[in-house]
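Structure data follow from final.txt (compact mmCIF, C-alpha atoms and all ligand atoms):
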```txt
# COMPACT_ATOMS: atom_id res chain seq x y z
CA LYS M 100 118.68 71.23 89.13
CA THR M 101 115.33 72.75 90.00
CA ILE M 102 114.81 74.66 93.23
CA TYR M 103 111.32 75.40 94.49
CA VAL M 104 110.95 78.93 95.92
CA LEU M 105 107.74 78.93 97.95
CA ASN M 106 105.96 81.96 99.38
CA GLY M 107 103.12 81.99 101.89
CA PRO M 108 100.16 84.24 102.60
CA ASN M 109 100.06 87.96 101.83
CA LEU M 110 103.37 87.90 99.98
CA ASN M 111 101.42 88.50 96.76
CA LEU M 112 101.03 92.03 98.18
CA LEU M 113 104.79 92.53 98.57
CA GLY M 114 105.72 96.10 97.65
CA GLN M 115 102.32 97.46 98.69
CA ARG M 116 101.91 95.77 102.05
CA GLU M 117 103.62 97.52 105.05
CA PRO M 118 106.50 98.79 102.87
CA GLU M 119 108.27 100.20 105.95
CA ILE M 120 108.70 96.57 107.07
CA TYR M 121 108.90 94.63 103.80
CA GLY M 122 110.22 97.22 101.33
CA ARG M 123 108.99 98.40 97.95
CA GLU M 124 110.11 95.55 95.74
CA THR M 125 107.34 93.31 94.43
CA LEU M 126 107.21 89.53 94.39
CA ALA M 127 107.75 89.70 90.61
CA ASP M 128 111.00 91.61 91.29
CA VAL M 129 112.03 88.90 93.76
CA GLU M 130 111.24 86.19 91.22
CA ALA M 131 113.40 87.92 88.61
CA SER M 132 116.39 88.25 90.94
CA CYS M 133 115.99 84.63 92.10
CA ALA M 134 115.93 83.41 88.49
CA ARG M 135 119.11 85.39 87.77
CA VAL M 136 120.99 84.08 90.81
CA ALA M 137 119.82 80.52 90.16
CA ALA M 138 120.92 80.64 86.53
CA GLY M 139 124.35 81.90 87.64
CA ALA M 140 124.66 78.80 89.81
CA GLY M 141 123.49 76.43 87.09
CA MET M 142 120.06 75.95 88.65
CA GLU M 143 116.52 76.84 87.68
CA ILE M 144 113.62 77.85 89.89
CA ARG M 145 109.93 77.24 90.18
CA PHE M 146 108.64 80.32 92.00
CA LEU M 147 105.23 79.98 93.69
CA GLN M 148 103.00 81.88 96.10
CA SER M 149 99.75 80.92 97.82
CA ASN M 150 97.55 82.27 100.56
CA HIS M 151 96.40 78.72 101.28
CA GLU M 152 98.23 76.34 103.59
CA GLY M 153 97.16 73.22 101.68
CA ALA M 154 98.49 74.56 98.39
CA LEU M 155 101.90 75.01 99.99
CA VAL M 156 101.73 71.47 101.41
CA ASP M 157 100.86 70.11 97.94
CA TRP M 158 103.80 71.95 96.34
CA ILE M 159 106.18 70.58 98.98
CA HIS M 160 104.93 67.06 98.16
CA GLU M 161 105.47 67.76 94.44
CA ALA M 162 109.00 68.96 95.27
CA ARG M 163 109.85 65.46 96.59
CA GLN M 164 110.07 64.34 92.96
CA ALA M 165 110.65 67.61 91.14
CA ALA M 166 113.11 69.65 93.21
CA ALA M 167 116.66 69.32 94.54
CA GLY M 168 116.09 71.96 97.23
CA ILE M 169 113.51 74.32 98.69
CA VAL M 170 113.66 78.00 99.65
CA ILE M 171 110.56 78.88 101.64
CA ASN M 172 109.14 82.04 103.16
CA PRO M 173 106.11 80.55 104.91
CA ALA M 174 105.03 84.06 106.05
CA ALA M 175 102.42 83.84 108.83
CA PHE M 176 102.27 80.03 108.53
CA THR M 177 105.82 80.01 109.92
CA HIS M 178 104.37 80.55 113.35
CA SER M 179 101.40 78.20 113.15
CA SER M 180 101.74 75.41 110.63
CA VAL M 181 102.56 71.91 111.79
CA ALA M 182 101.29 70.74 108.37
CA ILE M 183 104.02 72.65 106.52
CA LEU M 184 106.64 71.37 108.98
CA ASP M 185 105.46 67.79 108.46
CA ALA M 186 105.50 68.19 104.67
CA LEU M 187 109.06 69.58 104.79
CA ASN M 188 110.08 66.65 107.00
CA ALA M 189 109.06 64.38 104.09
CA PHE M 190 111.40 66.27 101.72
CA GLU M 191 114.97 65.03 101.59
CA GLY M 192 116.94 67.90 100.05
CA PRO M 193 118.19 71.14 101.59
CA VAL M 194 115.61 73.59 102.93
CA ILE M 195 116.39 77.24 103.65
CA GLU M 196 113.82 79.40 105.48
CA VAL M 197 113.66 83.09 104.56
CA HIS M 198 112.06 86.05 106.31
CA ILE M 199 112.31 89.48 104.75
CA SER M 200 111.97 91.20 108.11
CA ASN M 201 113.93 90.43 111.27
CA VAL M 202 111.22 88.41 112.99
CA HIS M 203 113.29 88.36 116.21
CA ARG M 204 113.01 92.13 116.53
CA ARG M 205 109.22 92.00 116.17
CA GLU M 206 106.29 90.71 118.22
CA PRO M 207 106.97 87.68 120.45
CA PHE M 208 104.55 85.49 118.45
CA ARG M 209 106.92 85.85 115.47
CA HIS M 210 109.88 84.50 117.47
CA ARG M 211 108.77 80.89 117.22
CA SER M 212 109.06 79.08 113.88
CA TYR M 213 107.80 75.55 113.32
CA VAL M 214 109.61 75.50 109.99
CA SER M 215 112.97 76.14 111.71
CA LEU M 216 112.68 72.66 113.27
CA ARG M 217 113.37 71.34 109.73
CA ALA M 218 115.26 74.14 107.98
CA ASP M 219 118.97 73.64 107.31
CA GLY M 220 119.41 77.42 107.51
CA VAL M 221 117.38 80.50 108.35
CA ILE M 222 117.81 84.00 106.92
CA ALA M 223 115.89 86.85 108.55
CA GLY M 224 116.10 90.61 108.33
CA CYS M 225 118.15 90.82 105.12
CA GLY M 226 115.22 92.16 103.11
CA VAL M 227 114.38 90.51 99.81
CA GLU M 228 118.12 89.91 99.34
CA GLY M 229 117.54 87.01 101.74
CA TYR M 230 116.10 84.98 98.86
CA GLU M 231 119.31 85.39 96.85
CA LEU M 232 121.40 84.43 99.88
CA ALA M 233 119.22 81.36 100.39
CA LEU M 234 119.67 80.25 96.77
CA LYS M 235 123.43 80.67 97.06
CA ARG M 236 123.38 78.55 100.19
CA ILE M 237 121.34 75.85 98.45
CA ALA M 238 123.88 75.86 95.60
CA THR M 239 126.68 75.37 98.15
CA LEU M 240 124.83 72.56 99.93
CA LEU M 241 124.10 70.78 96.65
CA GLY M 242 127.77 71.12 95.71
C1 LIG M 301 107.59 87.20 107.14
C2 LIG M 301 107.48 87.37 108.66
C3 LIG M 301 106.19 86.77 109.19
O1 LIG M 301 106.11 86.92 110.60
C4 LIG M 301 105.02 87.48 108.56
O2 LIG M 301 103.80 86.85 108.98
C5 LIG M 301 105.07 87.55 107.08
C6 LIG M 301 106.37 87.76 106.42
C7 LIG M 301 108.82 87.93 106.55
O3 LIG M 301 109.16 87.65 105.40
O4 LIG M 301 109.42 88.80 107.21
O5 LIG M 301 104.05 87.54 106.40
O6 LIG M 301 107.73 85.82 106.85
```
I need this file expressed as structure tokens, please.
Ligand code: DQA
Amino acid sequence: KTIYVLNGPNLNLLGQREPEIYGRETLADVEASCARVAAGAGMEIRFLQSNHEGALVDWIHEARQAAAGIVINPAAFTHSSVAILDALNAFEGPVIEVHISNVHRREPFRHRSYVSLRADGVIAGCGVEGYELALKRIATLLG
């Protein structure tokens, strides 16, 4: 089973960007730990990042055929993107939303998530470990 792990804008700078909020691990580190956890659960991942909303929408469409589940950190698009919500609504498998930081402890504009209207689960404030937790949850949901 293939799981798409999708990352939104600015996450390419993970490790350098606001490390007091997002930590020092890079997105390549996150990809490596996701691949390890997925393999342990008999799954494989396609790990992707874009700063462009449409690219994320296109990957979600691709996932309709290619993926059994989606882990997504939509980053800033979480709080703005009806397009990503609509794309996820066209995907039938489990969707887990991840935020590295605890968005609920931050600015009020980060408290609303469009993606949460579709997500089967939401993990926030567990650091990059949240991705591993999300993959484990997807494995459970896929049985
Ligand atoms: C984030 C939280 C968002 O509010 C923010 O725009 C991000 C990252 C997180 O992982 O904590 O870019 O999704």
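The coordinates place atom CA of His178 of chain M at 7.1 Å from atom CA of Phe208 of chain M.
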Would you kindly identify which residues have an atom no farther than 10 Å from (102.0, 82.2, 101.7), using all atoms listed in the file and the file's own coordinates, and write them out as a list in words?
Leu105, Asn106, Gly107, Pro108, Asn109, Leu110, Asn111, Leu147, Gln148, Ser149, Asn150, His151, Glu152, Ala154, Leu155, Ile171, Asn172, Pro173, Ala174, Ala175, Phe176 and Thr177 of chain M
Ranking M:Ala127, M:Ile222, M:Leu187, M:Ala162 by minimum distance to Leu234 of chain M and counting all atoms listed in the file, which one comes first?
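Of M:Ala127, M:Ile222, M:Leu187, M:Ala162, the one nearest Leu234 of chain M is M:Ile222, counting all atoms listed in the file.
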Leaving out segment 211-219 of chain M and any residue of its chain fewer than 5 positions from it, which residues lie within 12 Å of it when counting only C-alpha atoms, given as a PyMOL selection string?
chain M and resi 168-198+202-203+205-206+233+236-237+240
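Between atom CA of Asp157 of chain M and atom CA of Tyr121 of chain M the separation is 26.5 Å.
For the atom pair formed by atom CA of Phe146 of chain M and atom CA of Ala134 of chain M, the distance is 8.7 Å, given to one decimal.
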Using all atoms listed in the file, which of the listed residues (M:Thr239, M:Gly229, M:Ile102, M:Pro207) sits closest to Glu161 of chain M?
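Smallest separation from Glu161 of chain M among the options: M:Ile102.
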Calculated over only C-alpha atoms, which of the candidates M:Ala166, M:Cys133, M:Val156, M:Met142 has the smallest distance to Ala238 of chain M?
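That would be M:Met142, the residue with the smallest distance to Ala238 of chain M.
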Would you compute an axis-aligned box for ligand LIG 301 (chain M), covering every atom listed for it in the file with 8 Å of margin on each side, and report centre and edge lengths in Å to one decimal as AutoDock Vina command-line options?
```
--center_x 106.6 --center_y 87.3 --center_z 108.0 --size_x 21.6 --size_y 19.0 --size_z 21.2
```
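Using all atoms listed in the file, the nearest neighbour of Leu112 of chain M within the list M:Ala165, M:Ile144, M:Ile159, M:Leu126 is M:Leu126.
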